[in-house]
file final00.tsv (TSV, C-alpha atoms and all ligand atoms)
chain	number	residue	atom	x	y	z
Z	1	MET	CA	-75.40	0.02	-91.20
Z	2	GLN	CA	-75.26	3.38	-89.47
Z	3	ILE	CA	-72.59	3.57	-86.75
Z	4	ASN	CA	-72.52	6.24	-84.07
Z	5	LEU	CA	-69.18	6.75	-82.37
Z	6	LYS	CA	-68.42	8.92	-79.36
Z	7	VAL	CA	-64.65	9.30	-79.37
Z	8	ARG	CA	-62.47	10.81	-76.68
Z	9	ARG	CA	-60.30	13.54	-78.23
Z	10	TYR	CA	-57.25	15.10	-76.64
Z	11	ASP	CA	-54.57	17.24	-78.24
Z	12	PRO	CA	-51.86	18.40	-75.83
Z	13	ASP	CA	-50.90	21.25	-78.19
Z	14	ALA	CA	-54.43	22.65	-78.31
Z	15	GLY	CA	-54.42	23.18	-74.54
Z	16	ASP	CA	-58.21	22.84	-74.21
Z	17	GLY	CA	-58.28	19.51	-72.31
Z	18	ALA	CA	-60.06	16.30	-73.28
Z	19	ARG	CA	-63.55	16.20	-74.78
Z	20	TYR	CA	-65.81	13.78	-76.65
Z	21	GLN	CA	-66.54	14.14	-80.35
Z	22	ARG	CA	-69.38	12.34	-82.12
Z	23	TYR	CA	-69.20	10.78	-85.58
Z	24	SER	CA	-71.91	9.07	-87.59
Z	25	ILE	CA	-70.86	6.90	-90.53
Z	26	ASP	CA	-72.14	4.10	-92.76
Z	27	MET	CA	-70.27	0.81	-92.54
Z	28	PRO	CA	-70.88	-2.80	-93.64
Z	29	GLN	CA	-72.58	-5.12	-91.12
Z	30	ASN	CA	-69.34	-6.98	-90.36
Z	31	ALA	CA	-67.22	-3.86	-89.70
Z	32	THR	CA	-64.93	-3.73	-86.70
Z	33	VAL	CA	-64.50	-0.70	-84.45
Z	34	LEU	CA	-61.07	-0.24	-86.04
Z	35	ASP	CA	-62.63	-0.19	-89.54
Z	36	ALA	CA	-65.00	2.51	-88.34
Z	37	LEU	CA	-62.25	4.62	-86.77
Z	38	ILE	CA	-60.10	4.36	-89.90
Z	39	GLN	CA	-63.11	5.39	-91.97
Z	40	VAL	CA	-63.49	8.45	-89.75
Z	41	ARG	CA	-59.80	9.31	-90.02
Z	42	GLU	CA	-59.66	8.83	-93.79
Z	43	PHE	CA	-62.91	10.51	-94.81
Z	44	GLU	CA	-64.32	12.58	-91.93
Z	45	ASP	CA	-61.59	13.95	-89.71
Z	46	GLY	CA	-57.92	13.52	-90.55
Z	47	THR	CA	-56.85	14.89	-87.15
Z	48	LEU	CA	-58.01	11.77	-85.27
Z	49	ALA	CA	-54.96	9.93	-83.89
Z	50	LEU	CA	-55.02	6.17	-83.34
Z	51	ARG	CA	-52.53	3.34	-83.46
Z	52	CYS	CA	-52.91	0.15	-85.53
Z	53	SER	CA	-50.94	-2.11	-87.80
Z	54	CYS	CA	-51.87	-5.75	-88.52
Z	55	ARG	CA	-55.69	-5.38	-88.31
Z	56	SER	CA	-55.76	-9.08	-87.44
Z	57	ALA	CA	-55.38	-9.21	-83.62
Z	58	ILE	CA	-51.69	-10.04	-83.89
Z	59	CYS	CA	-49.59	-6.92	-83.32
Z	60	GLY	CA	-51.43	-5.64	-80.23
Z	61	SER	CA	-51.21	-1.98	-81.26
Z	62	CYS	CA	-54.92	-1.12	-81.50
Z	63	ALA	CA	-55.90	-1.71	-77.84
Z	64	MET	CA	-58.23	0.97	-76.52
Z	65	ARG	CA	-61.27	1.21	-74.25
Z	66	ILE	CA	-64.42	0.47	-76.18
Z	67	ASP	CA	-67.64	0.84	-74.25
Z	68	HIS	CA	-65.62	1.23	-71.05
Z	69	ARG	CA	-63.38	-1.85	-71.22
Z	70	ALA	CA	-60.08	-2.50	-72.92
Z	71	ARG	CA	-60.33	-4.40	-76.21
Z	72	LEU	CA	-58.53	-4.74	-79.50
Z	73	ALA	CA	-60.41	-2.47	-81.91
Z	74	CYS	CA	-59.61	-4.78	-84.84
Z	75	LYS	CA	-61.11	-7.77	-83.02
Z	76	THR	CA	-64.28	-6.01	-81.86
Z	77	LYS	CA	-67.22	-6.14	-84.22
Z	78	VAL	CA	-69.51	-3.13	-84.14
Z	79	ALA	CA	-72.58	-5.37	-84.51
Z	80	ASP	CA	-71.67	-7.13	-81.24
Z	81	LEU	CA	-71.84	-3.85	-79.33
Z	82	VAL	CA	-75.05	-2.28	-80.56
Z	83	ASP	CA	-78.47	-3.71	-79.79
Z	84	LYS	CA	-80.38	-1.44	-82.11
Z	85	GLU	CA	-79.82	1.13	-84.85
Z	86	GLY	CA	-78.78	4.45	-83.33
Z	87	ASP	CA	-76.93	3.00	-80.31
Z	88	GLU	CA	-73.68	4.79	-79.56
Z	89	ILE	CA	-70.25	3.19	-79.10
Z	90	THR	CA	-67.92	5.02	-76.73
Z	91	VAL	CA	-64.21	4.90	-77.54
Z	92	ASP	CA	-61.54	6.03	-75.07
Z	93	PRO	CA	-57.77	5.62	-74.92
Z	94	MET	CA	-56.43	2.88	-72.63
Z	95	GLY	CA	-56.47	3.58	-68.90
Z	96	ASN	CA	-53.51	3.70	-66.49
Z	97	MET	CA	-51.32	5.29	-69.17
Z	98	PRO	CA	-50.67	8.90	-70.13
Z	99	VAL	CA	-52.46	9.93	-73.32
Z	100	ILE	CA	-50.19	11.23	-76.08
Z	101	LYS	CA	-53.00	12.25	-78.42
Z	102	ASP	CA	-56.61	11.07	-78.81
Z	103	LEU	CA	-56.49	7.23	-78.67
Z	104	VAL	CA	-52.70	6.92	-78.59
Z	105	THR	CA	-51.20	6.22	-75.17
Z	106	ASP	CA	-47.64	6.11	-73.86
Z	107	MET	CA	-46.91	2.39	-73.50
Z	108	ASP	CA	-43.86	2.98	-71.32
Z	109	VAL	CA	-46.04	2.15	-68.29
Z	110	HIS	CA	-46.20	-1.39	-69.70
Z	111	TRP	CA	-42.68	-1.76	-71.10
Z	112	SER	CA	-40.90	-0.34	-68.04
Z	113	ARG	CA	-42.62	-3.03	-65.95
Z	114	VAL	CA	-41.72	-5.80	-68.37
Z	115	ARG	CA	-38.08	-4.72	-68.08
Z	116	ARG	CA	-38.36	-4.90	-64.26
Z	117	VAL	CA	-38.96	-8.67	-64.37
Z	118	GLU	CA	-35.79	-9.38	-66.41
Z	119	PRO	CA	-37.66	-10.88	-69.38
Z	120	PHE	CA	-34.98	-13.19	-70.64
Z	121	LEU	CA	-33.85	-16.72	-69.87
Z	122	GLN	CA	-31.03	-16.99	-67.34
Z	123	PRO	CA	-29.69	-20.55	-67.36
Z	124	VAL	CA	-26.87	-21.52	-64.99
Z	125	GLY	CA	-23.81	-23.61	-65.75
Z	126	PRO	CA	-22.24	-24.27	-69.11
Z	127	PRO	CA	-24.64	-24.59	-72.05
Z	128	PRO	CA	-25.44	-28.15	-73.18
Z	129	GLU	CA	-23.46	-29.58	-76.08
Z	130	ARG	CA	-26.43	-29.67	-78.46
Z	131	GLU	CA	-29.56	-28.03	-77.05
Z	132	TYR	CA	-31.64	-27.58	-73.89
Z	133	LEU	CA	-34.26	-30.31	-73.66
Z	134	VAL	CA	-37.60	-29.41	-72.09
Z	135	SER	CA	-40.59	-31.68	-71.52
Z	136	ASN	CA	-43.67	-31.19	-73.66
Z	137	ASP	CA	-45.83	-30.61	-70.57
Z	138	ALA	CA	-43.59	-27.79	-69.36
Z	139	MET	CA	-43.74	-26.05	-72.73
Z	140	LEU	CA	-47.51	-26.52	-73.02
Z	141	ASP	CA	-47.92	-24.78	-69.66
Z	142	LEU	CA	-45.86	-21.84	-70.94
Z	143	ALA	CA	-47.50	-21.69	-74.38
Z	144	GLY	CA	-50.51	-19.81	-73.01
Z	145	VAL	CA	-48.29	-17.08	-71.51
Z	146	MET	CA	-46.22	-16.85	-74.66
Z	147	ASN	CA	-49.39	-15.90	-76.55
Z	148	CYS	CA	-49.14	-12.42	-75.03
Z	149	ILE	CA	-48.98	-9.78	-77.77
Z	150	HIS	CA	-48.18	-6.94	-75.33
Z	151	CYS	CA	-51.28	-5.00	-76.25
Z	152	GLY	CA	-51.53	-3.51	-72.74
Z	153	ALA	CA	-55.27	-4.19	-72.36
Z	154	CYS	CA	-54.76	-5.86	-68.98
Z	155	VAL	CA	-52.54	-2.99	-67.83
Z	156	SER	CA	-55.22	-0.52	-68.90
Z	157	ASP	CA	-57.96	-2.12	-66.81
Z	158	CYS	CA	-55.97	-3.36	-63.82
Z	159	THR	CA	-57.77	-2.04	-60.75
Z	160	VAL	CA	-54.68	-2.14	-58.52
Z	161	LEU	CA	-52.48	-0.19	-60.92
Z	162	GLU	CA	-55.13	2.51	-60.85
Z	163	VAL	CA	-54.35	3.19	-57.18
Z	164	ASP	CA	-50.81	1.84	-56.79
Z	165	LYS	CA	-48.35	3.08	-59.39
Z	166	ASN	CA	-45.70	0.71	-58.01
Z	167	PHE	CA	-47.64	-2.39	-59.00
Z	168	ILE	CA	-45.74	-4.44	-61.58
Z	169	ALA	CA	-49.08	-5.06	-63.31
Z	170	PRO	CA	-50.56	-8.19	-64.91
Z	171	ALA	CA	-48.71	-8.46	-68.23
Z	172	ALA	CA	-45.24	-8.13	-66.71
Z	173	LEU	CA	-46.10	-10.60	-63.93
Z	174	ALA	CA	-47.40	-13.08	-66.53
Z	175	LYS	CA	-44.07	-12.55	-68.30
Z	176	ALA	CA	-42.26	-13.28	-65.02
Z	177	TYR	CA	-44.15	-16.58	-64.81
Z	178	ARG	CA	-42.99	-17.41	-68.32
Z	179	PHE	CA	-39.40	-17.58	-66.95
Z	180	VAL	CA	-40.13	-18.90	-63.44
Z	181	GLY	CA	-42.03	-21.77	-65.07
Z	182	ASP	CA	-39.29	-22.51	-67.60
Z	183	PRO	CA	-37.18	-25.49	-66.46
Z	184	ARG	CA	-34.17	-24.05	-68.30
Z	185	ASP	CA	-34.07	-20.94	-66.13
Z	186	GLY	CA	-31.64	-21.12	-63.22
Z	187	HIS	CA	-32.81	-18.08	-61.26
Z	188	GLN	CA	-36.29	-19.20	-60.30
Z	189	HIS	CA	-35.77	-18.71	-56.55
Z	190	ASP	CA	-34.14	-15.27	-56.91
Z	191	ARG	CA	-36.88	-14.12	-59.24
Z	192	LEU	CA	-39.60	-15.26	-56.81
Z	193	GLU	CA	-37.86	-13.72	-53.82
Z	194	GLU	CA	-37.63	-10.39	-55.61
Z	195	LEU	CA	-41.26	-10.52	-56.79
Z	196	SER	CA	-42.41	-11.41	-53.25
Z	197	LYS	CA	-40.56	-8.72	-51.35
Z	198	VAL	CA	-40.67	-5.82	-53.80
Z	199	ALA	CA	-43.40	-3.17	-53.39
Z	200	GLY	CA	-46.07	-3.84	-56.01
Z	201	GLY	CA	-45.08	-7.49	-56.47
Z	202	ILE	CA	-47.10	-10.70	-56.69
Z	203	TRP	CA	-48.89	-10.23	-53.37
Z	204	ASP	CA	-50.43	-6.90	-54.34
Z	205	CYS	CA	-52.90	-8.31	-56.87
Z	206	THR	CA	-56.44	-8.24	-55.44
Z	207	ARG	CA	-57.73	-10.99	-57.77
Z	208	CYS	CA	-60.34	-8.76	-59.34
Z	209	ASN	CA	-60.15	-10.84	-62.54
Z	210	MET	CA	-60.24	-7.81	-64.88
Z	211	CYS	CA	-57.00	-8.81	-66.61
Z	212	VAL	CA	-58.44	-12.25	-67.36
Z	213	GLU	CA	-61.65	-10.74	-68.73
Z	214	VAL	CA	-60.03	-8.22	-71.06
Z	215	CYS	CA	-57.06	-10.21	-72.35
Z	216	PRO	CA	-57.69	-10.92	-76.05
Z	217	LYS	CA	-55.25	-13.85	-76.07
Z	218	ASP	CA	-56.42	-15.81	-73.03
Z	219	VAL	CA	-53.10	-15.36	-71.25
Z	220	ARG	CA	-55.00	-15.27	-67.93
Z	221	PRO	CA	-52.46	-13.04	-66.13
Z	222	MET	CA	-54.19	-13.32	-62.74
Z	223	ASP	CA	-53.92	-17.12	-62.81
Z	224	ARG	CA	-50.18	-16.79	-63.55
Z	225	ILE	CA	-49.81	-14.48	-60.56
Z	226	MET	CA	-51.53	-17.08	-58.38
Z	227	GLN	CA	-49.15	-19.74	-59.76
Z	228	LEU	CA	-46.18	-17.50	-58.88
Z	229	ARG	CA	-47.54	-17.16	-55.32
Z	230	GLU	CA	-47.98	-20.91	-55.00
Z	231	ILE	CA	-44.45	-21.68	-56.18
Z	232	ALA	CA	-43.03	-18.96	-53.92
Z	233	VAL	CA	-44.74	-20.44	-50.86
Z	234	GLU	CA	-43.68	-23.97	-51.87
Z	235	GLN	CA	-40.10	-22.72	-52.02
Z	236	GLY	CA	-40.40	-21.33	-48.48
Z	237	ILE	CA	-40.50	-17.67	-49.50
Z	238	THR	CA	-42.98	-16.77	-46.77
Z	239	GLY	CA	-41.30	-13.93	-44.86
Z	240	ASN	CA	-43.50	-11.24	-46.37
Z	241	THR	CA	-46.88	-9.68	-45.61
Z	242	GLY	CA	-48.67	-11.33	-48.53
Z	243	ALA	CA	-47.67	-14.90	-47.70
Z	244	ARG	CA	-48.34	-14.37	-43.99
Z	245	HIS	CA	-51.77	-12.93	-44.82
Z	246	THR	CA	-52.64	-16.03	-46.87
Z	247	ASN	CA	-51.43	-18.40	-44.15
Z	248	THR	CA	-53.28	-16.50	-41.40
Z	249	PHE	CA	-56.46	-16.52	-43.49
Z	250	ALA	CA	-56.24	-20.26	-44.13
Z	251	SER	CA	-55.42	-21.18	-40.54
Z	252	SER	CA	-58.29	-19.01	-39.30
Z	253	VAL	CA	-60.76	-20.85	-41.54
Z	254	ARG	CA	-59.32	-24.21	-40.52
Z	255	ARG	CA	-59.51	-23.32	-36.82
Z	256	LEU	CA	-62.95	-21.67	-36.69
Z	257	GLY	CA	-64.63	-22.36	-40.02
Z	258	ARG	CA	-64.75	-18.59	-40.57
Z	259	LEU	CA	-62.49	-15.59	-40.84
Z	260	ASP	CA	-61.02	-14.38	-37.56
Z	261	GLU	CA	-60.75	-10.68	-38.46
Z	262	ALA	CA	-58.89	-9.74	-35.30
Z	263	SER	CA	-55.96	-12.02	-36.06
Z	264	MET	CA	-55.55	-10.91	-39.70
Z	265	LEU	CA	-53.55	-7.74	-39.16
Z	266	PRO	CA	-51.07	-9.06	-36.57
Z	267	GLY	CA	-50.82	-12.33	-38.46
Z	268	SER	CA	-50.07	-10.50	-41.71
Z	269	VAL	CA	-47.68	-7.76	-40.65
Z	270	GLY	CA	-46.16	-9.80	-37.80
Z	271	PHE	CA	-46.91	-9.67	-34.06
Z	272	TRP	CA	-43.45	-8.14	-33.52
Z	273	ASN	CA	-44.12	-5.24	-35.88
Z	274	VAL	CA	-45.36	-2.93	-33.11
Z	275	PRO	CA	-45.00	0.40	-35.00
Z	276	ARG	CA	-47.14	-0.91	-37.87
Z	277	LEU	CA	-49.72	-2.38	-35.48
Z	278	LEU	CA	-49.93	0.91	-33.60
Z	279	SER	CA	-50.35	2.83	-36.84
Z	280	GLU	CA	-53.39	0.67	-37.68
Z	281	LEU	CA	-54.92	1.06	-34.21
Z	282	PRO	CA	-57.24	4.02	-35.05
Z	283	GLY	CA	-58.69	2.09	-38.02
Z	284	GLY	CA	-59.15	-1.02	-35.84
Z	285	LEU	CA	-60.94	0.99	-33.16
Z	286	ARG	CA	-63.25	2.53	-35.76
Z	287	MET	CA	-64.05	-0.97	-37.06
Z	288	LEU	CA	-64.77	-2.16	-33.52
Z	289	ARG	CA	-67.09	0.77	-32.93
Z	290	VAL	CA	-69.21	0.04	-36.01
Z	291	GLY	CA	-69.24	-3.71	-35.37
Z	292	LYS	CA	-66.95	-4.64	-38.27
Z	293	LEU	CA	-64.38	-6.36	-36.05
Z	294	PRO	CA	-65.82	-9.36	-34.23
Z	295	TRP	CA	-62.83	-9.50	-31.85
Z	296	THR	CA	-64.33	-12.28	-29.73
Z	297	HIS	CA	-63.43	-14.73	-32.53
Z	298	ALA	CA	-59.80	-14.34	-31.47
Z	299	LEU	CA	-60.45	-15.54	-27.91
Z	300	PRO	CA	-59.18	-19.07	-27.30
Z	301	TRP	CA	-62.55	-20.24	-25.95
Z	302	HIS	CA	-64.47	-18.97	-28.97
Z	303	LYS	CA	-66.26	-21.92	-30.51
Z	304	PRO	CA	-65.80	-22.93	-34.16
Z	305	ILE	CA	-68.86	-23.15	-36.39
Z	306	ALA	CA	-71.05	-26.24	-36.28
Z	307	GLY	CA	-69.74	-28.75	-38.80
Z	308	ILE	CA	-66.11	-27.57	-38.51
Z	309	LYS	CA	-65.02	-31.18	-39.02
Z	310	HIS	CA	-66.22	-30.95	-42.63
Z	311	VAL	CA	-64.18	-27.78	-43.21
Z	312	ARG	CA	-61.09	-29.45	-41.78
Z	313	ARG	CA	-61.70	-32.49	-43.94
Z	314	ILE	CA	-61.58	-30.24	-47.02
Z	315	PHE	CA	-58.22	-28.84	-45.86
Z	316	ASP	CA	-56.86	-32.35	-45.28
Z	317	ARG	CA	-58.01	-33.51	-48.70
Z	318	VAL	CA	-56.45	-30.54	-50.45
Z	319	ARG	CA	-53.15	-31.12	-48.64
Z	320	ALA	CA	-53.18	-34.84	-49.46
Z	321	GLU	CA	-53.89	-34.05	-53.12
Z	322	GLU	CA	-51.04	-31.52	-53.25
Z	323	LYS	CA	-48.68	-34.09	-51.72
Z	324	ARG	CA	-49.79	-36.69	-54.23
Z	325	LYS	CA	-49.21	-34.29	-57.14
Z	326	LYS	CA	-45.76	-33.36	-55.88
Z	327	GLU	CA	-44.75	-36.98	-55.54
Z	328	ALA	CA	-46.09	-37.78	-59.01
Z	329	ALA	CA	-44.07	-34.89	-60.47
Z	330	LYS	CA	-40.77	-36.21	-58.99
B	401	LIG	S1	-56.51	-9.70	-61.07
B	401	LIG	FE1	-54.78	-8.63	-60.17
B	401	LIG	S2	-53.40	-8.17	-61.85
B	401	LIG	FE2	-55.40	-8.73	-62.73
B	401	LIG	S3	-56.44	-6.79	-63.03
B	401	LIG	FE3	-57.07	-7.52	-61.01
B	401	LIG	S4	-55.58	-6.63	-59.58
B	401	LIG	FE4	-54.74	-6.38	-61.64
B	402	LIG	S1	-51.55	-10.48	-71.09
B	402	LIG	FE1	-53.19	-10.30	-72.61
B	402	LIG	S2	-54.05	-8.28	-72.27
B	402	LIG	FE2	-52.10	-8.32	-71.23
B	402	LIG	S3	-50.65	-7.47	-72.68
B	402	LIG	FE3	-50.62	-9.69	-72.97
B	402	LIG	S4	-52.13	-10.11	-74.54
B	402	LIG	FE4	-52.49	-8.03	-73.86
B	403	LIG	S1	-54.17	-3.75	-85.41
B	403	LIG	FE1	-52.83	-5.31	-84.74
B	403	LIG	S2	-53.90	-6.14	-83.05
B	403	LIG	FE2	-55.30	-4.71	-83.86

call {"tool": "encode", "arguments": {"input": "final00.tsv", "output": "structure tokens"}}
result
Amino acid sequence: MQINLKVRRYDPDAGDGARYQRYSIDMPQNATVLDALIQVREFEDGTLALRCSCRSAICGSCAMRIDHRARLACKTKVADLVDKEGDEITVDPMGNMPVIKDLVTDMDVHWSRVRRVEPFLQPVGPPPEREYLVSNDAMLDLAGVMNCIHCGACVSDCTVLEVDKNFIAPAALAKAYRFVGDPRDGHQHDRLEELSKVAGGIWDCTRCNMCVEVCPKDVRPMDRIMQLREIAVEQGITGNTGARHTNTFASSVRRLGRLDEASMLPGSVGFWNVPRLLSELPGGLRMLRVGKLPWTHALPWHKPIAGIKHVRRIFDRVRAEEKRKKEAAK
């Protein structure tokens, strides 16, 4: 089959910036994007730089953006991307990382974040005489996270990292869960406290789900971040904007059956945090002016929605279920 590739080229030594280059090659029906790129490099244009090794979705080195989302090139079949002969496949280097050359990116963005979460087991007390024993359930829960091959696809497409360079990013936070969730680790609380208070920690994820969609190993980083949040709150680590925001949101829905926008900012940053509240005042006034801040919801005599008792019943059920689970786990 005829394959048309539009590949992002960039050579820092050439000094002419990035550009797209088109290639047209013949490949078997079952070819992957990596097969096609290697074909180009070997027979059409030896200057094309790309990274790969195992060609079997194991080493994680061939992650790149293919048709505008991060994927492993060796796991992506060309036939799955083109609807008809002549369709073009766009190949870019991963996002959120500096490009070294063509499709090769500097992975330090990923590895520096993994190092930030202290990615090693830290047991306390003397080691056991024979070995650490861990329940099967605990290890099954961690098995999914341990599937991570550090390809960086989730880092590439994380929408928060795009605007906040402090964000620890999905792969490293999933790695943090791998140790927080390990019963042998003795620093669970310290780890969670650090990840809750640090700029760019667990509360900065916006739950856009991109990391879940692009991960080739079903690590589901966003779900791990939500688990970290849950455990942090359970352990009473709530003195931070993220946890307060969640609590204010939930209590607003329980009280009124809807979001009370006016209470979100003071509830999240703290009523006592006057400088921060004052700094947000112009934005709040603009929202009021355009009708985006229904401030009357905050008034004590504002009525909840009809059927609020059903909403509260949901809250009560969830709490009872959580209590039951905790007791069963003891
Ligand atoms: S869900 Fe969170 S961590 Fe995942 S890509 Fe979106 S913002 Fe990033
Ligand atoms: S979590 Fe998934 S996408 Fe992210 S680095 Fe690991 S394997 Fe790659
Ligand atoms: S070459 Fe190893 S994962 Fe693609």

call {"tool": "closest_atom_pairs", "arguments": {"input": "final00.tsv", "of": "chain Z", "to": "ligand LIG 403 (chain B)", "cutoff": "7 Å", "atoms": "all atoms listed in the file", "output": "tab-separated table"}}
result
residue	atom	partner	partner_atom	distance
Z:Cys52	CA	B:LIG403	S1	4.1
Z:Ser53	CA	B:LIG403	S1	4.3
Z:Cys54	CA	B:LIG403	FE1	3.9
Z:Arg55	CA	B:LIG403	S1	3.7
Z:Ser56	CA	B:LIG403	FE1	5.5
Z:Ala57	CA	B:LIG403	S2	3.5
Z:Ile58	CA	B:LIG403	S2	4.6
Z:Cys59	CA	B:LIG403	FE1	3.9
Z:Gly60	CA	B:LIG403	S2	3.8
Z:Ser61	CA	B:LIG403	FE1	5.1
Z:Cys62	CA	B:LIG403	FE2	4.3
Z:Ala63	CA	B:LIG403	FE2	6.8
Z:Leu72	CA	B:LIG403	FE2	5.4
Z:Ala73	CA	B:LIG403	FE2	5.9
Z:Cys74	CA	B:LIG403	FE2	4.4
Z:Lys75	CA	B:LIG403	FE2	6.6

call {"tool": "residues_near_ligand", "arguments": {"input": "final00.tsv", "ligand": "ligand LIG 402 (chain B)", "cutoff": "7 Å", "atoms": "all atoms listed in the file", "output": "list in words"}}
result
Gly60, Asn147, Cys148, Ile149, His150, Cys151, Gly152, Ala153, Cys154, Val155, Pro170, Ala171, Ala174, Cys211, Val214, Cys215, Pro216, Lys217, Asp218, Val219, Arg220 and Pro221 of chain Z

call {"tool": "atom_distance", "arguments": {"input": "final00.tsv", "atom1": "CA of Ile25 in chain Z", "atom2": "CA of Gln2 in chain Z"}}
result
5.7 Å

call {"tool": "residues_near_ligand", "arguments": {"input": "final00.tsv", "ligand": "ligand LIG 401 (chain B)", "cutoff": "9 Å", "atoms": "only C-alpha atoms and all ligand atoms", "output": "PyMOL selection string"}}
result
chain Z and resi 154-162+167-171+173+202+204-214+220-223+225

call {"tool": "residues_around", "arguments": {"input": "final00.tsv", "residues": "Met146 in chain Z", "least_positions_apart": "4", "cutoff": "8 Å", "atoms": "all atoms listed in the file", "output": "ChimeraX atom specification"}}
result
/Z:142,175,178,219

call {"tool": "residues_near_point", "arguments": {"input": "final00.tsv", "point": "(-58.7, 12.2, -81.6)", "cutoff": "9 Å", "atoms": "all atoms listed in the file", "output": "ChimeraX atom specification"}}
result
/Z:7-11,20-21,41,45,47-50,101-104

call {"tool": "atom_distance", "arguments": {"input": "final00.tsv", "atom1": "CA of Ser268 in chain Z", "atom2": "CA of Val109 in chain Z"}}
result
29.7 Å

call {"tool": "closest_residue", "arguments": {"input": "final00.tsv", "among": "Z:Asp26, Z:Arg65, Z:Asp35, Z:Leu5", "to": "Val82 in chain Z", "atoms": "only C-alpha atoms"}}
result
Z:Leu5

call {"tool": "atom_distance", "arguments": {"input": "final00.tsv", "atom1": "CA of Val91 in chain Z", "atom2": "CA of Trp111 in chain Z"}}
result
23.4 Å

call {"tool": "closest_residue", "arguments": {"input": "final00.tsv", "among": "Z:Val274, Z:Ile66, Z:Ile308, Z:Leu293", "to": "Gly257 in chain Z", "atoms": "only C-alpha atoms"}}
result
Z:Ile308

call {"tool": "decode", "arguments": {"input": "final00.tsv", "residues": "range 165-176 of chain Z", "atoms": "N, CA and C atoms", "output": "compact mmCIF listing (two decimals), in the first residue's frame"}}
result
# COMPACT_ATOMS: atom_id res chain seq x y z
N LYS Z 165 4.75 24.58 34.02
CA LYS Z 165 5.99 23.79 33.92
C LYS Z 165 6.39 23.19 35.27
N ASN Z 166 5.71 23.59 36.34
CA ASN Z 166 5.99 23.02 37.66
C ASN Z 166 5.30 21.68 37.89
N PHE Z 167 4.29 21.41 37.08
CA PHE Z 167 3.45 20.22 37.31
C PHE Z 167 4.31 18.95 37.27
N ILE Z 168 4.11 18.09 38.24
CA ILE Z 168 4.94 16.87 38.31
C ILE Z 168 4.60 15.92 37.16
N ALA Z 169 3.44 16.08 36.60
CA ALA Z 169 3.05 15.34 35.38
C ALA Z 169 2.61 13.90 35.68
N PRO Z 170 1.80 13.34 34.76
CA PRO Z 170 1.11 12.08 35.05
C PRO Z 170 1.99 10.87 35.34
N ALA Z 171 3.05 10.67 34.57
CA ALA Z 171 3.84 9.43 34.76
C ALA Z 171 4.50 9.42 36.12
N ALA Z 172 5.07 10.56 36.52
CA ALA Z 172 5.77 10.61 37.81
C ALA Z 172 4.77 10.47 38.97
N LEU Z 173 3.56 11.04 38.80
CA LEU Z 173 2.56 10.91 39.86
C LEU Z 173 2.05 9.47 39.95
N ALA Z 174 1.93 8.81 38.80
CA ALA Z 174 1.56 7.38 38.83
C ALA Z 174 2.66 6.60 39.55
N LYS Z 175 3.89 6.99 39.32
CA LYS Z 175 5.03 6.34 39.99
C LYS Z 175 4.95 6.59 41.50
N ALA Z 176 4.55 7.80 41.88
CA ALA Z 176 4.41 8.10 43.30
C ALA Z 176 3.37 7.18 43.93
